[in-house]
$ cat coords15.cif   # mmCIF, C-alpha atoms and all ligand atoms
data_query
#
loop_
_atom_site.group_PDB
_atom_site.id
_atom_site.type_symbol
_atom_site.label_atom_id
_atom_site.label_comp_id
_atom_site.auth_asym_id
_atom_site.auth_seq_id
_atom_site.Cartn_x
_atom_site.Cartn_y
_atom_site.Cartn_z
ATOM 1 C CA MET P 1 0.000 0.000 0.000
ATOM 2 C CA LEU P 2 2.834 2.328 0.835
ATOM 3 C CA ALA P 3 4.362 1.659 -2.541
ATOM 4 C CA GLU P 4 1.067 2.480 -4.266
ATOM 5 C CA SER P 5 0.739 5.775 -2.427
ATOM 6 C CA SER P 6 4.247 6.951 -3.206
ATOM 7 C CA SER P 7 4.019 6.014 -6.891
ATOM 8 C CA VAL P 8 0.854 8.127 -7.290
ATOM 9 C CA GLU P 9 2.653 10.924 -5.477
ATOM 10 C CA LEU P 10 5.664 10.623 -7.764
ATOM 11 C CA PHE P 11 3.388 10.528 -10.784
ATOM 12 C CA ASN P 12 1.616 13.752 -9.752
ATOM 13 C CA LYS P 13 4.910 15.448 -8.986
ATOM 14 C CA GLY P 14 6.473 14.248 -12.243
ATOM 15 C CA ILE P 15 3.642 15.565 -14.409
ATOM 16 C CA TYR P 16 3.622 18.914 -12.618
ATOM 17 C CA GLU P 17 7.381 19.351 -13.020
ATOM 18 C CA LEU P 18 7.246 18.347 -16.679
ATOM 19 C CA LEU P 19 4.551 20.930 -17.402
ATOM 20 C CA SER P 20 6.424 23.585 -15.348
ATOM 21 C CA LYS P 21 9.471 22.973 -17.524
ATOM 22 C CA GLY P 22 7.301 23.217 -20.659
ATOM 23 C CA LYS P 23 5.890 26.520 -19.459
ATOM 24 C CA GLU P 24 9.410 27.841 -18.747
ATOM 25 C CA LEU P 25 10.454 26.890 -22.271
ATOM 26 C CA GLY P 26 7.352 28.549 -23.713
ATOM 27 C CA ILE P 27 5.945 25.389 -25.301
ATOM 28 C CA ILE P 28 3.032 25.002 -22.839
ATOM 29 C CA GLY P 29 0.498 27.785 -22.420
ATOM 30 C CA ALA P 30 -1.692 28.787 -19.491
ATOM 31 C CA CYS P 31 -3.583 25.806 -18.075
ATOM 32 C CA GLU P 32 -5.776 25.014 -15.103
ATOM 33 C CA LYS P 33 -5.775 22.018 -12.766
ATOM 34 C CA ILE P 34 -8.771 19.868 -11.912
ATOM 35 C CA TRP P 35 -8.689 17.472 -8.939
ATOM 36 C CA VAL P 36 -9.811 13.988 -9.968
ATOM 37 C CA THR P 37 -10.380 11.058 -7.582
ATOM 38 C CA ALA P 38 -10.029 7.367 -8.418
ATOM 39 C CA GLU P 39 -13.859 7.385 -8.680
ATOM 40 C CA ASP P 40 -14.514 4.031 -7.044
ATOM 41 C CA GLU P 41 -16.138 2.937 -3.763
ATOM 42 C CA LYS P 42 -12.788 3.019 -1.932
ATOM 43 C CA VAL P 43 -12.391 6.809 -2.322
ATOM 44 C CA CYS P 44 -12.605 8.465 1.096
ATOM 45 C CA ARG P 45 -15.013 11.264 1.970
ATOM 46 C CA ASP P 46 -12.254 13.897 2.176
ATOM 47 C CA CYS P 47 -11.172 13.142 -1.373
ATOM 48 C CA VAL P 48 -14.753 13.072 -2.668
ATOM 49 C CA LEU P 49 -15.059 16.637 -1.346
ATOM 50 C CA MET P 50 -11.984 17.605 -3.407
ATOM 51 C CA SER P 51 -13.357 16.027 -6.588
ATOM 52 C CA GLY P 52 -13.677 18.538 -9.443
ATOM 53 C CA LYS P 53 -11.983 21.431 -7.589
ATOM 54 C CA VAL P 54 -10.218 23.778 -9.975
ATOM 55 C CA ALA P 55 -7.061 25.831 -9.415
ATOM 56 C CA THR P 56 -4.727 27.821 -11.642
ATOM 57 C CA PHE P 57 -1.410 26.144 -12.483
ATOM 58 C CA ASN P 58 0.691 27.802 -9.752
ATOM 59 C CA GLU P 59 -2.086 27.895 -7.173
ATOM 60 C CA ARG P 60 -2.257 25.621 -4.114
ATOM 61 C CA PHE P 61 -5.539 23.778 -3.633
ATOM 62 C CA ARG P 62 -7.736 24.396 -0.594
ATOM 63 C CA ASP P 63 -9.503 21.618 1.298
ATOM 64 C CA TYR P 64 -13.169 21.829 2.306
ATOM 65 C CA HIS P 65 -12.199 23.724 5.496
ATOM 66 C CA GLY P 66 -10.573 26.353 3.281
ATOM 67 C CA ASN P 67 -7.078 25.352 4.438
ATOM 68 C CA VAL P 68 -4.312 25.696 1.865
ATOM 69 C CA ILE P 69 -2.954 22.269 0.878
ATOM 70 C CA GLY P 70 -0.629 21.119 -1.908
ATOM 71 C CA LEU P 71 -0.154 22.093 -5.543
ATOM 72 C CA PHE P 72 -1.382 18.585 -6.423
ATOM 73 C CA PRO P 73 -2.494 15.385 -4.564
ATOM 74 C CA PRO P 74 -1.972 13.425 -2.351
ATOM 75 C CA LEU P 75 -4.407 14.721 0.231
ATOM 76 C CA HIS P 76 -3.342 12.000 2.682
ATOM 77 C CA PRO P 77 -1.256 8.779 2.693
ATOM 78 C CA HIS P 78 -2.654 6.217 0.215
ATOM 79 C CA CYS P 79 -4.537 8.945 -1.645
ATOM 80 C CA ARG P 80 -4.970 7.896 -5.283
ATOM 81 C CA CYS P 81 -6.157 11.267 -6.607
ATOM 82 C CA VAL P 82 -4.587 12.776 -9.725
ATOM 83 C CA ILE P 83 -4.747 16.067 -11.621
ATOM 84 C CA PHE P 84 -6.323 16.672 -14.973
ATOM 85 C CA TYR P 85 -4.697 19.633 -16.753
ATOM 86 C CA ARG P 86 -6.797 21.691 -19.131
ATOM 87 C CA MET P 87 -5.034 23.974 -21.602
ATOM 88 C CA LEU P 88 -6.615 27.423 -21.655
ATOM 89 C CA LEU P 89 -4.372 29.496 -23.889
ATOM 90 C CA PRO P 90 -1.683 28.912 -26.482
ATOM 91 C CA PRO P 91 1.965 29.338 -25.396
ATOM 92 C CA GLY P 92 3.106 32.952 -25.261
ATOM 93 C CA LEU P 93 -0.089 34.359 -23.759
ATOM 94 C CA ASP P 94 -0.692 35.104 -20.086
ATOM 95 C CA ASP P 95 -4.019 34.482 -18.420
ATOM 96 C CA LEU P 96 -5.867 37.175 -16.473
ATOM 97 C CA THR P 97 -5.571 37.118 -12.685
ATOM 98 C CA PRO P 98 -8.588 37.951 -10.481
ATOM 99 C CA GLU P 99 -6.691 41.027 -9.187
ATOM 100 C CA ALA P 100 -5.955 42.278 -12.719
ATOM 101 C CA MET P 101 -9.631 41.934 -13.722
ATOM 102 C CA SER P 102 -11.016 43.726 -10.648
ATOM 103 C CA THR P 103 -8.599 46.681 -10.433
ATOM 104 C CA PRO P 104 -10.221 49.673 -12.188
ATOM 105 C CA ASN P 105 -8.671 51.972 -14.812
ATOM 106 C CA THR P 106 -5.587 49.921 -15.633
ATOM 107 C CA PRO P 107 -3.911 51.218 -18.817
ATOM 108 C CA PRO P 108 -3.261 48.586 -21.507
ATOM 109 C CA TYR P 109 -0.401 46.195 -20.709
ATOM 110 C CA PRO P 110 0.800 43.277 -22.870
ATOM 111 C CA LEU P 111 -0.368 39.689 -22.270
ATOM 112 C CA GLY P 112 1.749 38.277 -25.072
ATOM 113 C CA HIS P 113 1.487 37.498 -28.744
ATOM 114 C CA VAL P 114 -0.635 35.285 -31.009
ATOM 115 C CA ASP P 115 -0.573 34.382 -34.676
ATOM 116 C CA ALA P 116 -2.997 37.006 -36.009
ATOM 117 C CA GLY P 117 -3.556 34.987 -39.192
ATOM 118 C CA ASP P 118 -4.932 31.954 -37.342
ATOM 119 C CA SER P 119 -8.629 32.798 -37.080
ATOM 120 C CA GLU P 120 -9.548 29.591 -35.235
ATOM 121 C CA LEU P 121 -6.899 30.313 -32.616
ATOM 122 C CA ILE P 122 -8.040 33.953 -32.305
ATOM 123 C CA SER P 123 -11.632 32.755 -31.742
ATOM 124 C CA ALA P 124 -10.518 30.332 -29.013
ATOM 125 C CA VAL P 125 -8.466 33.069 -27.328
ATOM 126 C CA LEU P 126 -11.390 35.532 -27.470
ATOM 127 C CA ASN P 127 -13.803 32.936 -26.094
ATOM 128 C CA HIS P 128 -11.446 32.123 -23.242
ATOM 129 C CA TYR P 129 -10.894 35.737 -22.182
ATOM 130 C CA GLU P 130 -14.596 36.566 -22.607
ATOM 131 C CA GLY P 131 -15.461 33.729 -20.232
ATOM 132 C CA ARG P 132 -13.064 35.268 -17.689
ATOM 133 C CA ILE P 133 -14.173 38.910 -18.028
ATOM 134 C CA SER P 134 -17.956 38.497 -18.442
ATOM 135 C CA PRO P 135 -18.712 38.105 -14.667
ATOM 136 C CA GLN P 136 -16.502 41.083 -13.673
ATOM 137 C CA PRO P 137 -18.094 44.099 -11.928
ATOM 138 C CA ILE P 138 -16.073 46.586 -14.037
ATOM 139 C CA GLU P 139 -15.376 46.761 -17.761
ATOM 140 C CA ASN P 140 -12.383 44.776 -18.970
ATOM 141 C CA ALA P 141 -11.077 44.872 -22.531
ATOM 142 C CA ILE P 142 -8.832 42.586 -24.553
ATOM 143 C CA VAL P 143 -7.188 44.048 -27.641
ATOM 144 C CA ILE P 144 -5.557 41.886 -30.336
ATOM 145 C CA THR P 145 -3.696 44.179 -32.723
ATOM 146 C CA ALA P 146 -3.357 43.500 -36.448
ATOM 147 C CA ASP P 147 0.184 42.227 -35.652
ATOM 148 C CA GLY P 148 -1.107 39.792 -33.012
ATOM 149 C CA GLU P 149 -0.026 41.722 -29.903
ATOM 150 C CA VAL P 150 -2.497 41.067 -27.077
ATOM 151 C CA TYR P 151 -3.304 43.675 -24.414
ATOM 152 C CA HIS P 152 -5.544 43.828 -21.368
ATOM 153 C CA ALA P 153 -6.985 46.984 -19.821
ATOM 154 C CA THR P 154 -9.719 47.796 -17.351
ATOM 155 C CA GLY P 155 -12.066 50.758 -17.032
ATOM 156 C CA ASP P 156 -14.935 51.393 -14.655
ATOM 157 C CA LEU P 157 -18.571 50.288 -14.472
ATOM 158 C CA ASN P 158 -19.607 51.879 -17.769
ATOM 159 C CA SER P 159 -16.565 52.306 -19.981
ATOM 160 C CA VAL P 160 -13.093 51.125 -20.761
ATOM 161 C CA ASP P 161 -11.497 54.301 -22.126
ATOM 162 C CA PRO P 162 -7.896 53.367 -21.147
ATOM 163 C CA ILE P 163 -7.595 51.309 -24.369
ATOM 164 C CA LEU P 164 -7.586 54.591 -26.310
ATOM 165 C CA GLY P 165 -4.000 54.896 -25.020
ATOM 166 C CA LEU P 166 -3.031 52.267 -27.618
ATOM 167 C CA GLY P 167 -3.551 54.932 -30.295
ATOM 168 C CA SER P 168 -2.794 53.749 -33.831
ATOM 169 C CA LYS P 169 -2.383 50.128 -32.620
ATOM 170 C CA LEU P 170 -6.187 50.010 -32.529
ATOM 171 C CA ASN P 171 -6.244 50.404 -36.304
ATOM 172 C CA GLY P 172 -7.333 47.008 -37.686
ATOM 173 C CA ALA P 173 -7.464 45.462 -34.191
ATOM 174 C CA THR P 174 -9.950 43.030 -32.696
ATOM 175 C CA VAL P 175 -11.336 44.280 -29.377
ATOM 176 C CA THR P 176 -13.621 42.513 -26.937
ATOM 177 C CA HIS P 177 -15.035 43.812 -23.655
ATOM 178 C CA ASN P 178 -17.703 43.080 -21.055
ATOM 179 C CA HIS P 179 -20.748 45.074 -20.016
ATOM 180 C CA PRO P 180 -21.104 44.461 -16.253
ATOM 181 C CA LYS P 181 -24.435 43.271 -14.904
ATOM 182 C CA ASP P 182 -25.250 46.566 -13.164
ATOM 183 C CA SER P 183 -23.979 48.859 -15.917
ATOM 184 C CA GLU P 184 -25.972 51.033 -18.323
ATOM 185 C CA GLY P 185 -25.571 48.463 -21.124
ATOM 186 C CA ASP P 186 -28.723 47.600 -23.044
ATOM 187 C CA TYR P 187 -27.837 44.150 -24.386
ATOM 188 C CA SER P 188 -25.926 45.515 -27.353
ATOM 189 C CA PHE P 189 -23.240 48.100 -28.169
ATOM 190 C CA SER P 190 -23.341 51.599 -26.683
ATOM 191 C CA GLY P 191 -22.910 54.786 -28.714
ATOM 192 C CA ASP P 192 -19.322 54.994 -27.380
ATOM 193 C CA ASP P 193 -18.673 51.435 -28.552
ATOM 194 C CA ILE P 194 -19.884 52.277 -32.046
ATOM 195 C CA ASP P 195 -17.736 55.442 -32.117
ATOM 196 C CA LEU P 196 -14.721 53.376 -31.035
ATOM 197 C CA PHE P 197 -15.309 50.820 -33.808
ATOM 198 C CA LYS P 198 -15.744 53.559 -36.400
ATOM 199 C CA ASN P 199 -13.199 56.202 -35.346
ATOM 200 C CA GLU P 200 -10.347 53.848 -34.429
ATOM 201 C CA ASN P 201 -11.018 51.715 -37.505
ATOM 202 C CA LEU P 202 -11.274 48.440 -35.564
ATOM 203 C CA ASP P 203 -11.528 45.276 -37.639
ATOM 204 C CA ARG P 204 -13.841 43.677 -35.099
ATOM 205 C CA LEU P 205 -15.500 44.766 -31.860
ATOM 206 C CA ARG P 206 -17.122 42.255 -29.539
ATOM 207 C CA GLY P 207 -19.091 42.779 -26.350
ATOM 208 C CA ILE P 208 -20.457 40.403 -23.748
ATOM 209 C CA ASP P 209 -23.023 40.920 -20.987
ATOM 210 C CA GLU P 210 -24.851 38.528 -18.689
ATOM 211 C CA TYR P 211 -27.071 37.199 -21.505
ATOM 212 C CA PHE P 212 -25.689 38.133 -24.909
ATOM 213 C CA ALA P 213 -22.497 38.345 -26.921
ATOM 214 C CA TYR P 214 -22.367 40.668 -29.939
ATOM 215 C CA GLU P 215 -19.982 41.555 -32.708
ATOM 216 C CA LEU P 216 -19.426 44.373 -35.185
ATOM 217 C CA ASN P 217 -17.147 43.569 -38.117
ATOM 218 C CA ARG P 218 -16.259 44.906 -41.574
ATOM 219 C CA ASN P 219 -18.109 42.259 -43.606
ATOM 220 C CA PRO P 220 -21.767 43.210 -44.237
ATOM 221 C CA ASN P 221 -22.561 39.569 -45.095
ATOM 222 C CA ASP P 222 -21.399 38.451 -41.650
ATOM 223 C CA SER P 223 -24.679 39.636 -40.131
ATOM 224 C CA ASP P 224 -27.881 38.354 -38.550
ATOM 225 C CA PHE P 225 -29.826 40.648 -40.905
ATOM 226 C CA THR P 226 -28.506 41.062 -44.443
ATOM 227 C CA THR P 227 -31.656 42.732 -45.750
ATOM 228 C CA PRO P 228 -33.378 45.837 -44.315
ATOM 229 C CA LEU P 229 -35.721 45.155 -41.388
ATOM 230 C CA THR P 230 -39.403 45.014 -42.260
ATOM 231 C CA THR P 231 -41.912 47.185 -40.387
ATOM 232 C CA GLU P 232 -43.248 44.056 -38.672
ATOM 233 C CA GLU P 233 -39.758 43.066 -37.501
ATOM 234 C CA MET P 234 -39.154 46.573 -36.161
ATOM 235 C CA LEU P 235 -42.458 46.708 -34.285
ATOM 236 C CA GLU P 236 -41.780 43.315 -32.770
ATOM 237 C CA MET P 237 -38.259 44.302 -31.667
ATOM 238 C CA MET P 238 -39.352 47.609 -30.172
ATOM 239 C CA GLU P 239 -41.667 45.758 -27.805
ATOM 240 C CA LYS P 240 -38.976 43.479 -26.419
ATOM 241 C CA PRO P 241 -36.836 44.885 -23.584
ATOM 242 C CA PHE P 242 -33.695 43.186 -24.876
ATOM 243 C CA ASP P 243 -34.151 44.212 -28.498
ATOM 244 C CA SER P 244 -34.657 47.977 -28.785
ATOM 245 C CA VAL P 245 -30.966 48.995 -28.770
ATOM 246 C CA HIS P 246 -30.137 45.843 -30.717
ATOM 247 C CA MET P 247 -32.516 47.032 -33.445
ATOM 248 C CA ALA P 248 -30.862 50.462 -33.576
ATOM 249 C CA VAL P 249 -27.452 48.781 -34.003
ATOM 250 C CA VAL P 250 -28.834 46.535 -36.779
ATOM 251 C CA ILE P 251 -29.982 49.644 -38.651
ATOM 252 C CA LYS P 252 -26.748 51.582 -37.979
ATOM 253 C CA ALA P 253 -24.636 48.646 -39.209
ATOM 254 C CA GLN P 254 -26.683 48.366 -42.412
ATOM 255 C CA ILE P 255 -26.314 52.094 -43.119
ATOM 256 C CA GLU P 256 -22.535 51.924 -42.563
ATOM 257 C CA GLY P 257 -22.085 48.635 -44.462
ATOM 258 C CA TRP P 258 -20.814 46.732 -41.390
ATOM 259 C CA GLY P 259 -21.539 43.201 -40.253
ATOM 260 C CA TYR P 260 -23.393 42.868 -36.943
ATOM 261 C CA ARG P 261 -24.383 39.739 -35.038
ATOM 262 C CA ARG P 262 -25.753 39.028 -31.581
ATOM 263 C CA TRP P 263 -26.258 35.665 -29.888
ATOM 264 C CA ARG P 264 -27.153 34.235 -26.478
ATOM 265 C CA HIS P 265 -24.190 32.793 -24.597
ATOM 266 C CA GLU P 266 -24.464 30.073 -21.958
HETATM 267 ZN ZN ZN H 1 -7.372 11.306 -2.670
HETATM 268 ZN ZN ZN H 2 -19.316 48.651 -24.467
#
$ encode --input "coords15.cif" --output "structure tokens" --more "lines below"
Ligand SMILES: [Zn+2]
Ligand SMILES: [Zn+2]
Amino acid sequence: MLAESSSVELFNKGIYELLSKGKELGIIGACEKIWVTAEDEKVCRDCVLMSGKVATFNERFRDYHGNVIGLFPPLHPHCRCVIFYRMLLPPGLDDLTPEAMSTPNTPPYPLGHVDAGDSELISAVLNHYEGRISPQPIENAIVITADGEVYHATGDLNSVDPILGLGSKLNGATVTHNHPKDSEGDYSFSGDDIDLFKNENLDRLRGIDEYFAYELNRNPNDSDFTTPLTTEEMLEMMEKPFDSVHMAVVIKAQIEGWGYRRWRHE
């Protein structure tokens, strides 16, 4: 039994050290750790309570009392628990820390670099960061420049003006940001958002609130509505609390020749 326990311990330690080395060398990106038990009837109650707990790579786990424990199992002698590592970001990109996302009015600072030509990768990166910033109580923005430089900045409850400090780097950039739950957002882009997209010549602007995600882009065919709204559609949208600003953005995008989409996120 002792031998079993120490081999699981060595296994957990070995994997962690291997991934640490990979991160140092820049071949492994940001990942998170998930505590996994042996999932049989012999698993003890303490380990069952750890099952499915998530931590960032460098973070120590906490037990159910809230006490800080190890970077990885064992929880106790003979513990057979292991860690499942989930890759979050490609190598070369930092993740966002809770402190970074909740500190207001942070000017843009670099998170790293991505291949700007890899649209599938860019989508995965945007989706990851949007999942992180959407529950935040202040606006957070991620900027991916035309060259693939990635920046993070924060604003306050209703705007994220600090990204304007990037100046001409916004030209052709993809920007995403959140509209906090208690903000003035009306389930689509604000007038300031539309000005930002237009005046800074963004390639793509995305926004996310507690229900919807939305996108403005430069391709009029990449739209929910590619033909002018009918009177019936307009009347129907005006009656729905989530749709009145959305309708105005649909019309604005059609006038300007932009693409505009909105969808429910989970
Ligand atoms: Zn265990
Ligand atoms: Zn906005």
$ axis_aligned_box --input "coords15.cif" --around "stretch 93-107 of chain P" --padding-each-side "6 Å" --output "JSON"
{"center_x": -5.6, "center_y": 43.2, "center_z": -16.5, "size_x": 22.9, "size_y": 29.6, "size_z": 26.6}
$ residues_around --input "coords15.cif" --residues "P:Cys31" --least-positions-apart "2" --cutoff "7 Å" --atoms "all atoms listed in the file" --output "PyMOL selection string"
chain P and resi 29+33+56-57+85-89
$ resolve_selection --input "coords15.cif" --expression "the PyMOL selection byres (((chain P and resi 180) around 6) and not hetatm)" --output "list in words"
Pro137, Ile138, His179, Lys181, Asp182 and Ser183 of chain P
$ resolve_selection --input "coords15.cif" --expression "the PyMOL selection byres (((chain P and resi 124-127) around 12) and not hetatm)" --output "PDB file with C-alpha atoms, keeping the file's coordinate frame"
ATOM      1  CA  GLY P  29       0.498  27.785 -22.420  1.00  0.00           C
ATOM      2  CA  ALA P  30      -1.692  28.787 -19.491  1.00  0.00           C
ATOM      3  CA  MET P  87      -5.034  23.974 -21.602  1.00  0.00           C
ATOM      4  CA  LEU P  88      -6.615  27.423 -21.655  1.00  0.00           C
ATOM      5  CA  LEU P  89      -4.372  29.496 -23.889  1.00  0.00           C
ATOM      6  CA  PRO P  90      -1.683  28.912 -26.482  1.00  0.00           C
ATOM      7  CA  PRO P  91       1.965  29.338 -25.396  1.00  0.00           C
ATOM      8  CA  GLY P  92       3.106  32.952 -25.261  1.00  0.00           C
ATOM      9  CA  LEU P  93      -0.089  34.359 -23.759  1.00  0.00           C
ATOM     10  CA  ASP P  94      -0.692  35.104 -20.086  1.00  0.00           C
ATOM     11  CA  ASP P  95      -4.019  34.482 -18.420  1.00  0.00           C
ATOM     12  CA  LEU P  96      -5.867  37.175 -16.473  1.00  0.00           C
ATOM     13  CA  LEU P 111      -0.368  39.689 -22.270  1.00  0.00           C
ATOM     14  CA  GLY P 112       1.749  38.277 -25.072  1.00  0.00           C
ATOM     15  CA  HIS P 113       1.487  37.498 -28.744  1.00  0.00           C
ATOM     16  CA  VAL P 114      -0.635  35.285 -31.009  1.00  0.00           C
ATOM     17  CA  ASP P 115      -0.573  34.382 -34.676  1.00  0.00           C
ATOM     18  CA  ALA P 116      -2.997  37.006 -36.009  1.00  0.00           C
ATOM     19  CA  ASP P 118      -4.932  31.954 -37.342  1.00  0.00           C
ATOM     20  CA  SER P 119      -8.629  32.798 -37.080  1.00  0.00           C
ATOM     21  CA  GLU P 120      -9.548  29.591 -35.235  1.00  0.00           C
ATOM     22  CA  LEU P 121      -6.899  30.313 -32.616  1.00  0.00           C
ATOM     23  CA  ILE P 122      -8.040  33.953 -32.305  1.00  0.00           C
ATOM     24  CA  SER P 123     -11.632  32.755 -31.742  1.00  0.00           C
ATOM     25  CA  HIS P 128     -11.446  32.123 -23.242  1.00  0.00           C
ATOM     26  CA  TYR P 129     -10.894  35.737 -22.182  1.00  0.00           C
ATOM     27  CA  GLU P 130     -14.596  36.566 -22.607  1.00  0.00           C
ATOM     28  CA  GLY P 131     -15.461  33.729 -20.232  1.00  0.00           C
ATOM     29  CA  ARG P 132     -13.064  35.268 -17.689  1.00  0.00           C
ATOM     30  CA  ILE P 133     -14.173  38.910 -18.028  1.00  0.00           C
ATOM     31  CA  SER P 134     -17.956  38.497 -18.442  1.00  0.00           C
ATOM     32  CA  ALA P 141     -11.077  44.872 -22.531  1.00  0.00           C
ATOM     33  CA  ILE P 142      -8.832  42.586 -24.553  1.00  0.00           C
ATOM     34  CA  VAL P 143      -7.188  44.048 -27.641  1.00  0.00           C
ATOM     35  CA  ILE P 144      -5.557  41.886 -30.336  1.00  0.00           C
ATOM     36  CA  GLY P 148      -1.107  39.792 -33.012  1.00  0.00           C
ATOM     37  CA  VAL P 150      -2.497  41.067 -27.077  1.00  0.00           C
ATOM     38  CA  TYR P 151      -3.304  43.675 -24.414  1.00  0.00           C
ATOM     39  CA  HIS P 152      -5.544  43.828 -21.368  1.00  0.00           C
ATOM     40  CA  THR P 174      -9.950  43.030 -32.696  1.00  0.00           C
ATOM     41  CA  VAL P 175     -11.336  44.280 -29.377  1.00  0.00           C
ATOM     42  CA  THR P 176     -13.621  42.513 -26.937  1.00  0.00           C
ATOM     43  CA  HIS P 177     -15.035  43.812 -23.655  1.00  0.00           C
ATOM     44  CA  ASN P 178     -17.703  43.080 -21.055  1.00  0.00           C
ATOM     45  CA  ARG P 204     -13.841  43.677 -35.099  1.00  0.00           C
ATOM     46  CA  LEU P 205     -15.500  44.766 -31.860  1.00  0.00           C
ATOM     47  CA  ARG P 206     -17.122  42.255 -29.539  1.00  0.00           C
ATOM     48  CA  GLY P 207     -19.091  42.779 -26.350  1.00  0.00           C
ATOM     49  CA  ILE P 208     -20.457  40.403 -23.748  1.00  0.00           C
ATOM     50  CA  ALA P 213     -22.497  38.345 -26.921  1.00  0.00           C
ATOM     51  CA  GLU P 215     -19.982  41.555 -32.708  1.00  0.00           C
ATOM     52  CA  HIS P 265     -24.190  32.793 -24.597  1.00  0.00           C
ATOM     53  CA  GLU P 266     -24.464  30.073 -21.958  1.00  0.00           C
TER      54      GLU P 266
END
$ closest_residue --input "coords15.cif" --among "P:Leu49, P:Leu157, P:Ala253, P:Met234" --to "ligand ZN 2 (chain H)" --atoms "only C-alpha atoms and all ligand atoms"
P:Leu157
$ closest_residue --input "coords15.cif" --among "P:Phe197, P:Ser159, P:Val245, P:Thr231" --to "ligand ZN 2 (chain H)" --atoms "only C-alpha atoms and all ligand atoms"
P:Ser159
$ atom_distance --input "coords15.cif" --atom1 "atom CA of P:Leu235" --atom2 "atom CA of P:Arg262"
18.6 Å
$ residues_near_ligand --input "coords15.cif" --ligand "ligand ZN 2 (chain H)" --cutoff "6 Å" --atoms "all atoms listed in the file" --output "MDAnalysis selection string"
chainID P and resid 179 189:190 193
$ resolve_selection --input "coords15.cif" --expression "the PyMOL selection byres (((chain P and resi 191) around 12) and not hetatm)" --output "short mmCIF file (atom, residue, chain, number, x, y, z; two decimals) with C-alpha atoms, in the frame of the given file"
data_model
loop_
_atom_site.label_atom_id
_atom_site.label_comp_id
_atom_site.auth_asym_id
_atom_site.auth_seq_id
_atom_site.Cartn_x
_atom_site.Cartn_y
_atom_site.Cartn_z
CA ASN P 158 -19.61 51.88 -17.77
CA SER P 159 -16.57 52.31 -19.98
CA GLU P 184 -25.97 51.03 -18.32
CA GLY P 185 -25.57 48.46 -21.12
CA ASP P 186 -28.72 47.60 -23.04
CA SER P 188 -25.93 45.52 -27.35
CA PHE P 189 -23.24 48.10 -28.17
CA SER P 190 -23.34 51.60 -26.68
CA ASP P 192 -19.32 54.99 -27.38
CA ASP P 193 -18.67 51.44 -28.55
CA ILE P 194 -19.88 52.28 -32.05
CA ASP P 195 -17.74 55.44 -32.12
CA LEU P 196 -14.72 53.38 -31.04
CA PHE P 197 -15.31 50.82 -33.81
CA LYS P 198 -15.74 53.56 -36.40
CA ASN P 199 -13.20 56.20 -35.35
CA VAL P 245 -30.97 49.00 -28.77
CA HIS P 246 -30.14 45.84 -30.72
CA ALA P 248 -30.86 50.46 -33.58
CA VAL P 249 -27.45 48.78 -34.00
CA LYS P 252 -26.75 51.58 -37.98
#
$ residues_near_ligand --input "coords15.cif" --ligand "ligand ZN 1 (chain H)" --cutoff "6 Å" --atoms "all atoms listed in the file" --output "mmCIF file with C-alpha atoms, keeping the file's coordinate frame"
data_model
loop_
_atom_site.group_PDB
_atom_site.id
_atom_site.type_symbol
_atom_site.label_atom_id
_atom_site.label_comp_id
_atom_site.auth_asym_id
_atom_site.auth_seq_id
_atom_site.Cartn_x
_atom_site.Cartn_y
_atom_site.Cartn_z
ATOM 1 C CA THR P 37 -10.380 11.058 -7.582
ATOM 2 C CA CYS P 47 -11.172 13.142 -1.373
ATOM 3 C CA PRO P 74 -1.972 13.425 -2.351
ATOM 4 C CA LEU P 75 -4.407 14.721 0.231
ATOM 5 C CA CYS P 79 -4.537 8.945 -1.645
ATOM 6 C CA ARG P 80 -4.970 7.896 -5.283
ATOM 7 C CA CYS P 81 -6.157 11.267 -6.607
#
$ residues_near_point --input "coords15.cif" --point "(-23.8, 38.2, -41.9)" --cutoff "12 Å" --atoms "only C-alpha atoms" --output "list in words"
Glu215, Leu216, Asn217, Arg218, Asn219, Pro220, Asn221, Asp222, Ser223, Asp224, Phe225, Thr226, Thr227, Val250, Ala253, Gln254, Gly257, Trp258, Gly259, Tyr260, Arg261 and Arg262 of chain P
$ atom_distance --input "coords15.cif" --atom1 "atom CA of P:Asp147" --atom2 "atom CA of P:Ile27"
20.6 Å
$ atom_distance --input "coords15.cif" --atom1 "atom CA of P:Asp209" --atom2 "atom CA of P:Tyr187"
6.7 Å
$ closest_residue --input "coords15.cif" --among "P:Gly165, P:Pro107, P:Gly14, P:Gly117" --to "P:Pro73" --atoms "all atoms listed in the file"
P:Gly14
$ closest_residue --input "coords15.cif" --among "P:Glu233, P:Gly70, P:Thr154, P:Arg62" --to "P:Glu99" --atoms "all atoms listed in the file"
P:Thr154
$ residues_near_point --input "coords15.cif" --point "(-4.0, 25.5, -4.1)" --cutoff "6 Å" --atoms "only C-alpha atoms" --output "ChimeraX atom specification"
/P:59-62,68,70-71
$ write_last_selection --input "coords15.cif" --atoms "C-alpha atoms" --output "PDB file, in the coordinates of the input"
ATOM      1  CA  GLU P  59      -2.086  27.895  -7.173  1.00  0.00           C
ATOM      2  CA  ARG P  60      -2.257  25.621  -4.114  1.00  0.00           C
ATOM      3  CA  PHE P  61      -5.539  23.778  -3.633  1.00  0.00           C
ATOM      4  CA  ARG P  62      -7.736  24.396  -0.594  1.00  0.00           C
ATOM      5  CA  VAL P  68      -4.312  25.696   1.865  1.00  0.00           C
ATOM      6  CA  GLY P  70      -0.629  21.119  -1.908  1.00  0.00           C
ATOM      7  CA  LEU P  71      -0.154  22.093  -5.543  1.00  0.00           C
TER       8      LEU P  71
END
$ decode --input "coords15.cif" --residues "stretch 33-40 of chain P" --atoms "C-alpha atoms" --output "JSON list (two decimals), in the first residue's frame"
[["chain", "number", "residue", "atom", "x", "y", "z"],
["P", 33, "LYS", "CA", -5.77, 22.02, -12.77],
["P", 34, "ILE", "CA", -8.77, 19.87, -11.91],
["P", 35, "TRP", "CA", -8.69, 17.47, -8.94],
["P", 36, "VAL", "CA", -9.81, 13.99, -9.97],
["P", 37, "THR", "CA", -10.38, 11.06, -7.58],
["P", 38, "ALA", "CA", -10.03, 7.37, -8.42],
["P", 39, "GLU", "CA", -13.86, 7.39, -8.68],
["P", 40, "ASP", "CA", -14.51, 4.03, -7.04]]
